[in-house]
file start_6.txt (compact mmCIF, C-alpha atoms)
# COMPACT_ATOMS: atom_id res chain seq x y z
CA MET A 81 0.00 0.00 0.00
CA ALA A 82 1.46 3.31 -1.03
CA ARG A 83 1.64 5.98 1.63
CA SER A 84 -0.75 8.85 1.14
CA ASP A 85 0.53 12.36 0.70
CA PRO A 86 -0.68 14.36 3.72
CA SER A 87 -1.82 17.15 1.43
CA SER A 88 -3.93 14.79 -0.59
CA ASP A 89 -7.47 13.66 0.13
CA VAL A 90 -6.95 10.36 -1.67
CA ASN A 91 -5.29 7.13 -0.65
CA VAL A 92 -4.67 4.74 -3.53
CA SER A 93 -3.55 1.14 -3.67
CA VAL A 94 -0.71 1.76 -6.15
CA PRO A 95 1.59 4.70 -6.75
CA ASN A 96 0.55 7.01 -9.57
CA ASP A 97 3.54 6.03 -11.71
CA ARG A 98 2.73 2.33 -11.42
CA LEU A 99 -0.77 2.24 -12.79
CA PRO A 100 -1.47 -0.87 -14.90
CA ALA A 101 -0.46 -0.68 -18.55
CA GLY A 102 -3.35 0.49 -20.67
CA PHE A 103 -5.15 2.03 -17.69
CA GLU A 104 -6.20 5.17 -19.59
CA PHE A 105 -7.48 3.16 -22.55
CA ALA A 106 -9.36 0.76 -20.27
CA VAL A 107 -11.13 3.60 -18.43
CA ALA A 108 -12.02 5.33 -21.73
CA CYS A 109 -13.45 2.09 -23.15
CA VAL A 110 -15.42 1.29 -20.01
CA CYS A 111 -16.89 4.79 -19.78
CA GLY A 112 -17.79 4.87 -23.48
CA ALA A 113 -19.47 1.47 -23.28
CA ILE A 114 -21.45 2.33 -20.15
CA VAL A 115 -22.68 5.72 -21.37
CA ALA A 116 -23.88 4.10 -24.62
CA ASN A 117 -26.50 2.23 -22.57
CA LEU A 118 -28.15 5.56 -21.84
CA TYR A 119 -28.79 6.23 -25.54
CA PHE A 120 -29.48 2.83 -27.06
CA ALA A 121 -33.25 3.33 -26.82
CA GLN A 122 -33.40 6.68 -28.63
CA PRO A 123 -33.47 5.49 -32.27
CA ILE A 124 -35.80 2.57 -31.52
CA VAL A 125 -38.47 4.22 -29.37
CA GLY A 126 -41.00 3.71 -32.16
CA GLU A 127 -40.44 -0.05 -32.26
CA ILE A 128 -40.54 -0.31 -28.48
CA ALA A 129 -43.72 1.76 -28.30
CA GLY A 130 -45.41 -0.41 -30.92
CA THR A 131 -44.55 -3.64 -29.09
CA LEU A 132 -45.46 -2.52 -25.59
CA GLY A 133 -48.50 -0.45 -26.53
CA PHE A 134 -47.31 3.10 -25.84
CA ALA A 135 -49.02 5.87 -27.77
CA PRO A 136 -46.65 7.46 -30.33
CA GLU A 137 -46.94 10.85 -28.66
CA GLY A 138 -45.99 9.28 -25.33
CA ALA A 139 -43.02 7.23 -26.54
CA GLY A 140 -40.58 9.91 -25.43
CA ILE A 141 -41.19 8.90 -21.80
CA ILE A 142 -38.82 5.97 -22.44
CA VAL A 143 -35.89 8.32 -22.95
CA THR A 144 -37.10 10.82 -20.35
CA LEU A 145 -37.13 8.27 -17.54
CA ALA A 146 -33.61 7.13 -18.37
CA GLN A 147 -32.40 10.73 -18.17
CA LEU A 148 -34.27 11.28 -14.89
CA GLY A 149 -32.60 8.19 -13.44
CA TYR A 150 -29.23 9.51 -14.55
CA CYS A 151 -29.96 12.88 -12.95
CA LEU A 152 -31.00 11.29 -9.66
CA GLY A 153 -27.89 9.14 -9.69
CA LEU A 154 -25.70 12.19 -10.23
CA LEU A 155 -27.27 13.90 -7.24
CA LEU A 156 -27.45 11.00 -4.80
CA LEU A 157 -24.89 8.34 -5.81
CA VAL A 158 -21.90 10.14 -7.31
CA PRO A 159 -21.17 12.06 -4.05
CA LEU A 160 -20.60 8.68 -2.41
CA ALA A 161 -17.33 8.50 -4.35
CA ASP A 162 -15.93 10.87 -1.72
CA ALA A 163 -16.80 8.39 1.02
CA LEU A 164 -16.63 4.85 -0.43
CA GLU A 165 -13.98 2.91 -2.29
CA ASN A 166 -14.47 4.00 -5.89
CA ARG A 167 -14.02 0.76 -7.80
CA ARG A 168 -16.46 -1.10 -5.57
CA LEU A 169 -18.98 1.75 -5.81
CA ALA A 170 -18.76 1.83 -9.62
CA LEU A 171 -19.33 -1.93 -9.77
CA ALA A 172 -22.33 -1.73 -7.44
CA VAL A 173 -23.92 0.98 -9.57
CA LEU A 174 -23.16 -1.01 -12.71
CA VAL A 175 -25.10 -3.96 -11.29
CA VAL A 176 -28.20 -1.74 -11.33
CA GLY A 177 -27.62 -1.06 -15.03
CA PHE A 178 -27.17 -4.76 -15.76
CA ALA A 179 -30.39 -5.70 -13.98
CA ALA A 180 -32.26 -2.92 -15.78
CA SER A 181 -30.94 -4.05 -19.19
CA ILE A 182 -32.02 -7.65 -18.64
CA THR A 183 -35.45 -6.47 -17.49
CA MET A 184 -35.90 -4.27 -20.57
CA ALA A 185 -34.92 -7.18 -22.81
CA LEU A 186 -37.34 -9.67 -21.25
CA THR A 187 -40.38 -7.87 -19.88
CA THR A 188 -43.71 -7.56 -21.67
CA SER A 189 -45.08 -5.18 -19.03
CA PRO A 190 -45.04 -1.48 -20.01
CA THR A 191 -44.85 -0.44 -16.36
CA LEU A 192 -41.92 -2.71 -15.56
CA PHE A 193 -40.16 -1.57 -18.73
CA LEU A 194 -40.45 2.07 -17.69
CA ILE A 195 -39.09 1.27 -14.23
CA ALA A 196 -36.15 -0.45 -15.90
CA CYS A 197 -35.61 2.64 -18.09
CA PHE A 198 -35.19 4.64 -14.92
CA GLY A 199 -32.83 1.97 -13.59
CA ILE A 200 -30.58 2.01 -16.64
CA GLY A 201 -30.18 5.75 -16.15
CA VAL A 202 -29.16 5.21 -12.55
CA GLY A 203 -26.72 2.47 -13.58
CA SER A 204 -25.05 4.71 -16.14
CA VAL A 205 -23.80 7.19 -13.53
CA SER A 206 -20.88 4.85 -12.86
CA VAL A 207 -19.27 6.86 -15.68
CA GLN A 208 -19.28 9.94 -13.45
CA ILE A 209 -17.64 7.92 -10.68
CA LEU A 210 -14.89 6.58 -12.94
CA LEU A 211 -13.98 9.89 -14.60
CA PRO A 212 -12.78 11.69 -11.42
CA TYR A 213 -11.44 8.35 -10.15
CA ALA A 214 -9.12 8.12 -13.16
CA ALA A 215 -8.04 11.74 -12.80
CA ALA A 216 -7.28 11.26 -9.08
CA LEU A 217 -5.09 8.21 -9.75
CA SER A 218 -3.10 9.80 -12.57
CA ASP A 219 0.01 11.91 -12.16
CA PRO A 220 -0.97 15.54 -11.45
CA LYS A 221 0.89 16.63 -14.58
CA ARG A 222 -1.17 14.21 -16.69
CA GLN A 223 -4.60 14.77 -15.18
CA GLY A 224 -5.76 17.01 -18.03
CA LEU A 225 -4.63 14.44 -20.57
CA MET A 226 -6.35 11.68 -18.64
CA VAL A 227 -9.66 13.57 -18.48
CA GLY A 228 -9.43 14.40 -22.18
CA ARG A 229 -8.88 10.78 -23.19
CA VAL A 230 -11.66 9.48 -20.98
CA MET A 231 -14.02 12.17 -22.32
CA SER A 232 -13.10 11.06 -25.85
CA GLY A 233 -14.23 7.58 -24.93
CA ILE A 234 -17.48 8.92 -23.48
CA LEU A 235 -18.27 11.01 -26.57
CA THR A 236 -17.43 8.08 -28.85
CA GLY A 237 -19.86 5.91 -26.91
CA ILE A 238 -22.59 8.53 -27.24
CA MET A 239 -22.03 8.94 -30.99
CA LEU A 240 -21.89 5.22 -31.77
CA SER A 241 -24.78 4.15 -29.53
CA ARG A 242 -27.51 5.14 -31.99
CA PRO A 243 -26.18 3.52 -35.19
CA VAL A 244 -25.19 0.40 -33.24
CA SER A 245 -28.70 0.21 -31.80
CA SER A 246 -30.23 0.50 -35.26
CA LEU A 247 -27.83 -2.07 -36.72
CA ILE A 248 -28.82 -4.61 -34.07
CA THR A 249 -32.54 -3.85 -34.21
CA GLY A 250 -32.80 -4.27 -38.00
CA PRO A 251 -32.07 -8.01 -38.20
CA LEU A 252 -32.49 -9.09 -34.56
CA GLY A 253 -35.24 -6.94 -33.06
CA TRP A 254 -35.11 -4.25 -30.39
CA ARG A 255 -34.91 -6.64 -27.45
CA SER A 256 -31.51 -7.80 -28.69
CA VAL A 257 -30.22 -4.26 -28.10
CA PHE A 258 -30.80 -4.61 -24.37
CA PHE A 259 -29.29 -8.09 -24.23
CA ALA A 260 -26.24 -6.45 -25.81
CA SER A 261 -26.48 -3.70 -23.21
CA ALA A 262 -26.39 -6.30 -20.43
CA ALA A 263 -23.35 -7.93 -22.05
CA ILE A 264 -21.66 -4.52 -22.17
CA CYS A 265 -22.24 -4.10 -18.43
CA LEU A 266 -20.62 -7.48 -17.78
CA GLY A 267 -17.67 -6.64 -20.01
CA ALA A 268 -17.23 -3.27 -18.33
CA ALA A 269 -17.30 -4.91 -14.91
CA GLY A 270 -14.63 -7.37 -16.02
CA LEU A 271 -12.37 -4.54 -17.20
CA ILE A 272 -12.89 -2.63 -13.96
CA LEU A 273 -11.86 -5.67 -11.93
CA ALA A 274 -8.94 -6.58 -14.16
CA ARG A 275 -7.37 -3.21 -15.00
CA MET A 276 -8.33 -0.70 -12.33
CA PRO A 277 -6.80 -0.43 -8.85
CA ALA A 278 -8.68 0.57 -5.73
CA ARG A 279 -9.03 4.18 -4.63
CA HIS A 280 -9.92 4.90 -1.00
CA PRO A 281 -11.03 8.50 -0.38
CA GLU A 282 -10.23 9.99 3.00
CA SER A 283 -12.97 12.59 3.17
CA LYS A 284 -14.41 13.01 6.67
CA LEU A 285 -17.69 14.54 5.48
CA ARG A 286 -20.87 12.65 6.20
CA TYR A 287 -23.23 11.88 3.33
CA GLY A 288 -25.77 14.48 4.46
CA ALA A 289 -23.07 17.13 4.68
CA MET A 290 -21.97 16.29 1.11
CA LEU A 291 -25.48 16.81 -0.21
CA LYS A 292 -25.82 20.04 1.76
CA SER A 293 -22.55 21.35 0.36
CA MET A 294 -23.80 20.74 -3.19
CA GLY A 295 -26.94 22.71 -2.42
CA SER A 296 -24.88 25.58 -1.07
CA LEU A 297 -22.75 25.64 -4.22
CA ALA A 298 -25.78 25.53 -6.50
CA LEU A 299 -27.48 28.40 -4.67
CA GLY A 300 -24.45 30.61 -4.08
CA ASN A 301 -22.13 30.19 -7.04
CA ARG A 302 -23.28 32.38 -9.95
CA LEU A 303 -20.68 31.01 -12.36
CA LEU A 304 -21.85 27.46 -11.64
CA GLN A 305 -25.47 28.53 -12.15
CA ARG A 306 -24.75 30.07 -15.56
CA ARG A 307 -22.76 27.13 -16.81
CA ALA A 308 -25.35 24.67 -15.53
CA ALA A 309 -28.04 26.63 -17.40
CA TYR A 310 -25.98 26.57 -20.63
CA GLN A 311 -25.42 22.84 -20.39
CA PHE A 312 -29.06 22.15 -19.49
CA LEU A 313 -30.36 23.98 -22.56
CA MET A 314 -27.76 22.44 -24.87
CA PHE A 315 -28.36 18.91 -23.62
CA TYR A 316 -32.14 19.41 -23.66
CA SER A 317 -32.16 20.43 -27.32
CA TYR A 318 -29.77 17.61 -28.27
CA THR A 319 -31.84 14.93 -26.56
CA LEU A 320 -35.13 16.32 -27.84
CA PHE A 321 -33.90 16.28 -31.43
CA TRP A 322 -32.54 12.74 -31.38
CA THR A 323 -35.59 11.36 -29.60
CA ALA A 324 -38.10 12.96 -31.97
CA LEU A 325 -36.20 12.27 -35.20
CA PRO A 326 -36.68 8.46 -35.30
CA LEU A 327 -40.42 8.89 -34.70
CA LEU A 328 -40.65 11.43 -37.52
CA LEU A 329 -38.69 9.30 -40.01
CA SER A 330 -40.73 6.19 -39.23
CA ARG A 331 -43.95 7.90 -40.43
CA PRO A 332 -45.10 8.95 -43.91
CA PRO A 333 -43.83 10.41 -46.17
CA TYR A 334 -40.48 8.87 -45.11
CA SER A 335 -41.61 5.50 -43.66
CA LEU A 336 -38.05 4.46 -42.85
CA ASP A 337 -37.31 1.51 -40.61
CA GLN A 338 -34.14 0.30 -38.94
CA SER A 339 -33.14 -1.81 -41.94
CA SER A 340 -33.54 0.96 -44.51
CA ASP A 341 -31.79 3.67 -42.50
CA ARG A 342 -29.37 2.27 -39.98
CA THR A 343 -27.19 5.36 -39.86
CA ARG A 344 -29.81 7.93 -38.94
CA GLY A 345 -28.67 7.92 -35.31
CA ALA A 346 -25.03 8.67 -36.07
CA GLY A 347 -25.40 12.31 -35.13
CA GLY A 348 -24.28 13.58 -38.50
CA SER A 349 -21.19 11.40 -38.63
CA ARG A 350 -22.23 9.94 -42.01
CA ARG A 351 -24.25 11.28 -44.90
CA ARG A 352 -26.94 9.40 -46.81
CA ASP A 353 -27.02 10.93 -50.29
CA HIS A 354 -29.56 8.44 -51.65
CA VAL A 355 -32.21 9.39 -49.08
CA THR A 356 -34.06 12.60 -49.85
CA VAL A 357 -35.47 13.98 -46.64
CA GLY A 358 -37.59 16.64 -48.26
CA ARG A 359 -39.35 16.43 -51.60
CA GLU A 360 -40.93 19.31 -53.40
CA GLY A 361 -44.59 18.83 -54.18
CA SER A 362 -44.97 15.75 -51.95

call {"tool": "encode", "arguments": {"input": "start_6.txt", "output": "structure tokens"}}
result
Amino acid sequence: MARSDPSSDVNVSVPNDRLPAGFEFAVACVCGAIVANLYFAQPIVGEIAGTLGFAPEGAGIIVTLAQLGYCLGLLLLVPLADALENRRLALAVLVVGFAASITMALTTSPTLFLIACFGIGVGSVSVQILLPYAAALSDPKRQGLMVGRVMSGILTGIMLSRPVSSLITGPLGWRSVFFASAAICLGAAGLILARMPARHPESKLRYGAMLKSMGSLALGNRLLQRRAAYQFLMFYSYTLFWTALPLLLSRPPYSLDQSSDRTRGAGGSRRRDHVTVGREGS
């Protein structure tokens, strides 16, 4: 056990310069894979709604509940990373995501499916536990590089989640997407156990005091308020667009399905020249 620097609030199981080989890549891959679970449902909400009996205008609740679960997890679970061993906490949260994925793949109950949507959002906050965990374990001179590489993995997972979901749904059906999601959770857990050392925070704050401190920051820090508002509006518009687009394209005059347009969820990463979105006189 390496001795902790008295000026540091973190005690780690290995020295910073002896992290396992490929640690940065492993964390980036794990975070990208986990965050993809949060977005797999977006391009296939129409298919899910048709199977489970949701009205088309109410299909967006599938995505909304996942985001609400993610928000609640950010508020209530992520602060525990300052009190509990980080790797164990991330694994425990990931178990919630695994259970939710299996439930979404198997259930025929609309109510149970929606509860599982909320659960997969909660399970995805392990990403926000692993990101500061990786930064804390890295050399102080490399922390910016570490955060940048892990964020690259997260953004890659977000961008690829939609086309991958459509590719799976086309030939195998939408339930296969959530079986794949469960497999991703298992793979991520394996990488966490195999490639990531323990991190034991030494914070003396109680859980209630942590939550109270967040409230004080949110109410008293004007810079934080402005930036939170910017990010809220940006993320709101982004999620609204990519949730509504599959429903629009699945209806006349487009009538596209997952097999005919598997790249529509790529977020602009590829262009489909043979599909005309708008036609004059139609």

call {"tool": "atom_distance", "arguments": {"input": "start_6.txt", "atom1": "CA of Ala113 (chain A)", "atom2": "CA of Glu165 (chain A)"}}
result
21.7 Å

call {"tool": "residues_around", "arguments": {"input": "start_6.txt", "residues": "Thr319 (chain A)", "least_positions_apart": "5", "cutoff": "9 Å", "atoms": "only C-alpha atoms", "output": "PyMOL selection string"}}
result
chain A and resi 122+143+314+324

call {"tool": "closest_residue", "arguments": {"input": "start_6.txt", "among": "A:Gln311, A:Gly133, A:Ala214, A:Glu127", "to": "Arg229 (chain A)", "atoms": "only C-alpha atoms"}}
result
A:Ala214

call {"tool": "closest_residue", "arguments": {"input": "start_6.txt", "among": "A:Ala121, A:Leu157, A:Ala135, A:Val173", "to": "Tyr287 (chain A)", "atoms": "all atoms listed in the file"}}
result
A:Leu157

call {"tool": "atom_distance", "arguments": {"input": "start_6.txt", "atom1": "CA of Ser330 (chain A)", "atom2": "CA of Phe315 (chain A)"}}
result
23.6 Å

call {"tool": "closest_residue", "arguments": {"input": "start_6.txt", "among": "A:Ile195, A:Leu217, A:Leu336, A:Ile124", "to": "Ala179 (chain A)", "atoms": "only C-alpha atoms"}}
result
A:Ile195

call {"tool": "residues_around", "arguments": {"input": "start_6.txt", "residues": "Ser181 (chain A)", "least_positions_apart": "3", "cutoff": "10 Å", "atoms": "all atoms listed in the file", "output": "PyMOL selection string"}}
result
chain A and resi 117+175-178+184-186+193+196-197+199-200+203+255+257-265

call {"tool": "atom_distance", "arguments": {"input": "start_6.txt", "atom1": "CA of Asp162 (chain A)", "atom2": "CA of Leu210 (chain A)"}}
result
12.1 Å

call {"tool": "residues_around", "arguments": {"input": "start_6.txt", "residues": "Met226 (chain A)", "least_positions_apart": "3", "cutoff": "8 Å", "atoms": "only C-alpha atoms", "output": "list in words"}}
result
Glu104, Ala214, Ala215, Ser218, Arg222, Gln223, Arg229 and Val230 of chain A

call {"tool": "build_atoms", "arguments": {"input": "start_6.txt", "residues": "region 245-268 of chain A", "atoms": "N, CA, C and O atoms", "output": "PDB file, in the frame of the given file"}}
result
ATOM      1  N   SER A 245     -27.360   0.644 -32.174  1.00  0.00           N
ATOM      2  CA  SER A 245     -28.700   0.210 -31.800  1.00  0.00           C
ATOM      3  C   SER A 245     -29.544  -0.114 -33.025  1.00  0.00           C
ATOM      4  O   SER A 245     -30.241  -1.136 -33.075  1.00  0.00           O
ATOM      5  N   SER A 246     -29.469   0.744 -34.031  1.00  0.00           N
ATOM      6  CA  SER A 246     -30.230   0.500 -35.260  1.00  0.00           C
ATOM      7  C   SER A 246     -29.716  -0.728 -35.997  1.00  0.00           C
ATOM      8  O   SER A 246     -30.501  -1.518 -36.535  1.00  0.00           O
ATOM      9  N   LEU A 247     -28.406  -0.910 -36.043  1.00  0.00           N
ATOM     10  CA  LEU A 247     -27.830  -2.070 -36.720  1.00  0.00           C
ATOM     11  C   LEU A 247     -28.283  -3.382 -36.078  1.00  0.00           C
ATOM     12  O   LEU A 247     -28.559  -4.361 -36.762  1.00  0.00           O
ATOM     13  N   ILE A 248     -28.374  -3.394 -34.759  1.00  0.00           N
ATOM     14  CA  ILE A 248     -28.820  -4.610 -34.070  1.00  0.00           C
ATOM     15  C   ILE A 248     -30.311  -4.821 -34.250  1.00  0.00           C
ATOM     16  O   ILE A 248     -30.773  -5.943 -34.485  1.00  0.00           O
ATOM     17  N   THR A 249     -31.082  -3.739 -34.148  1.00  0.00           N
ATOM     18  CA  THR A 249     -32.540  -3.850 -34.210  1.00  0.00           C
ATOM     19  C   THR A 249     -33.014  -4.343 -35.572  1.00  0.00           C
ATOM     20  O   THR A 249     -33.956  -5.142 -35.659  1.00  0.00           O
ATOM     21  N   GLY A 250     -32.372  -3.879 -36.659  1.00  0.00           N
ATOM     22  CA  GLY A 250     -32.800  -4.270 -38.000  1.00  0.00           C
ATOM     23  C   GLY A 250     -32.982  -5.765 -38.170  1.00  0.00           C
ATOM     24  O   GLY A 250     -34.086  -6.248 -38.445  1.00  0.00           O
ATOM     25  N   PRO A 251     -31.930  -6.564 -37.995  1.00  0.00           N
ATOM     26  CA  PRO A 251     -32.070  -8.010 -38.200  1.00  0.00           C
ATOM     27  C   PRO A 251     -32.522  -8.802 -36.978  1.00  0.00           C
ATOM     28  O   PRO A 251     -33.077  -9.890 -37.117  1.00  0.00           O
ATOM     29  N   LEU A 252     -32.292  -8.288 -35.768  1.00  0.00           N
ATOM     30  CA  LEU A 252     -32.490  -9.090 -34.560  1.00  0.00           C
ATOM     31  C   LEU A 252     -33.637  -8.635 -33.669  1.00  0.00           C
ATOM     32  O   LEU A 252     -34.013  -9.355 -32.743  1.00  0.00           O
ATOM     33  N   GLY A 253     -34.165  -7.449 -33.902  1.00  0.00           N
ATOM     34  CA  GLY A 253     -35.240  -6.940 -33.060  1.00  0.00           C
ATOM     35  C   GLY A 253     -34.705  -6.089 -31.919  1.00  0.00           C
ATOM     36  O   GLY A 253     -33.546  -6.219 -31.506  1.00  0.00           O
ATOM     37  N   TRP A 254     -35.580  -5.222 -31.383  1.00  0.00           N
ATOM     38  CA  TRP A 254     -35.110  -4.250 -30.390  1.00  0.00           C
ATOM     39  C   TRP A 254     -34.713  -4.876 -29.064  1.00  0.00           C
ATOM     40  O   TRP A 254     -33.875  -4.341 -28.343  1.00  0.00           O
ATOM     41  N   ARG A 255     -35.291  -6.025 -28.724  1.00  0.00           N
ATOM     42  CA  ARG A 255     -34.910  -6.640 -27.450  1.00  0.00           C
ATOM     43  C   ARG A 255     -33.445  -7.074 -27.441  1.00  0.00           C
ATOM     44  O   ARG A 255     -32.792  -7.084 -26.381  1.00  0.00           O
ATOM     45  N   SER A 256     -32.923  -7.403 -28.612  1.00  0.00           N
ATOM     46  CA  SER A 256     -31.510  -7.800 -28.690  1.00  0.00           C
ATOM     47  C   SER A 256     -30.587  -6.657 -28.287  1.00  0.00           C
ATOM     48  O   SER A 256     -29.468  -6.898 -27.801  1.00  0.00           O
ATOM     49  N   VAL A 257     -31.030  -5.423 -28.482  1.00  0.00           N
ATOM     50  CA  VAL A 257     -30.220  -4.260 -28.100  1.00  0.00           C
ATOM     51  C   VAL A 257     -29.954  -4.288 -26.595  1.00  0.00           C
ATOM     52  O   VAL A 257     -28.832  -4.013 -26.135  1.00  0.00           O
ATOM     53  N   PHE A 258     -30.955  -4.653 -25.818  1.00  0.00           N
ATOM     54  CA  PHE A 258     -30.800  -4.610 -24.370  1.00  0.00           C
ATOM     55  C   PHE A 258     -30.099  -5.857 -23.831  1.00  0.00           C
ATOM     56  O   PHE A 258     -29.479  -5.810 -22.765  1.00  0.00           O
ATOM     57  N   PHE A 259     -30.176  -6.971 -24.576  1.00  0.00           N
ATOM     58  CA  PHE A 259     -29.290  -8.090 -24.230  1.00  0.00           C
ATOM     59  C   PHE A 259     -27.836  -7.681 -24.458  1.00  0.00           C
ATOM     60  O   PHE A 259     -26.956  -8.011 -23.652  1.00  0.00           O
ATOM     61  N   ALA A 260     -27.591  -6.960 -25.554  1.00  0.00           N
ATOM     62  CA  ALA A 260     -26.240  -6.450 -25.810  1.00  0.00           C
ATOM     63  C   ALA A 260     -25.821  -5.464 -24.730  1.00  0.00           C
ATOM     64  O   ALA A 260     -24.658  -5.442 -24.295  1.00  0.00           O
ATOM     65  N   SER A 261     -26.763  -4.647 -24.277  1.00  0.00           N
ATOM     66  CA  SER A 261     -26.480  -3.700 -23.210  1.00  0.00           C
ATOM     67  C   SER A 261     -26.062  -4.422 -21.930  1.00  0.00           C
ATOM     68  O   SER A 261     -25.114  -4.003 -21.245  1.00  0.00           O
ATOM     69  N   ALA A 262     -26.749  -5.510 -21.612  1.00  0.00           N
ATOM     70  CA  ALA A 262     -26.390  -6.300 -20.430  1.00  0.00           C
ATOM     71  C   ALA A 262     -24.995  -6.902 -20.587  1.00  0.00           C
ATOM     72  O   ALA A 262     -24.199  -6.930 -19.630  1.00  0.00           O
ATOM     73  N   ALA A 263     -24.683  -7.379 -21.798  1.00  0.00           N
ATOM     74  CA  ALA A 263     -23.350  -7.930 -22.050  1.00  0.00           C
ATOM     75  C   ALA A 263     -22.274  -6.856 -21.901  1.00  0.00           C
ATOM     76  O   ALA A 263     -21.171  -7.116 -21.403  1.00  0.00           O
ATOM     77  N   ILE A 264     -22.597  -5.635 -22.327  1.00  0.00           N
ATOM     78  CA  ILE A 264     -21.660  -4.520 -22.170  1.00  0.00           C
ATOM     79  C   ILE A 264     -21.387  -4.256 -20.694  1.00  0.00           C
ATOM     80  O   ILE A 264     -20.245  -4.007 -20.290  1.00  0.00           O
ATOM     81  N   CYS A 265     -22.429  -4.303 -19.875  1.00  0.00           N
ATOM     82  CA  CYS A 265     -22.240  -4.100 -18.430  1.00  0.00           C
ATOM     83  C   CYS A 265     -21.324  -5.164 -17.850  1.00  0.00           C
ATOM     84  O   CYS A 265     -20.441  -4.852 -17.024  1.00  0.00           O
ATOM     85  N   LEU A 266     -21.487  -6.414 -18.278  1.00  0.00           N
ATOM     86  CA  LEU A 266     -20.620  -7.480 -17.780  1.00  0.00           C
ATOM     87  C   LEU A 266     -19.184  -7.275 -18.228  1.00  0.00           C
ATOM     88  O   LEU A 266     -18.237  -7.453 -17.454  1.00  0.00           O
ATOM     89  N   GLY A 267     -19.010  -6.890 -19.511  1.00  0.00           N
ATOM     90  CA  GLY A 267     -17.670  -6.640 -20.010  1.00  0.00           C
ATOM     91  C   GLY A 267     -16.998  -5.481 -19.297  1.00  0.00           C
ATOM     92  O   GLY A 267     -15.798  -5.533 -18.970  1.00  0.00           O
ATOM     93  N   ALA A 268     -17.772  -4.419 -19.053  1.00  0.00           N
ATOM     94  CA  ALA A 268     -17.230  -3.270 -18.330  1.00  0.00           C
ATOM     95  C   ALA A 268     -16.816  -3.659 -16.920  1.00  0.00           C
ATOM     96  O   ALA A 268     -15.754  -3.244 -16.426  1.00  0.00           O
TER      97      ALA A 268
END
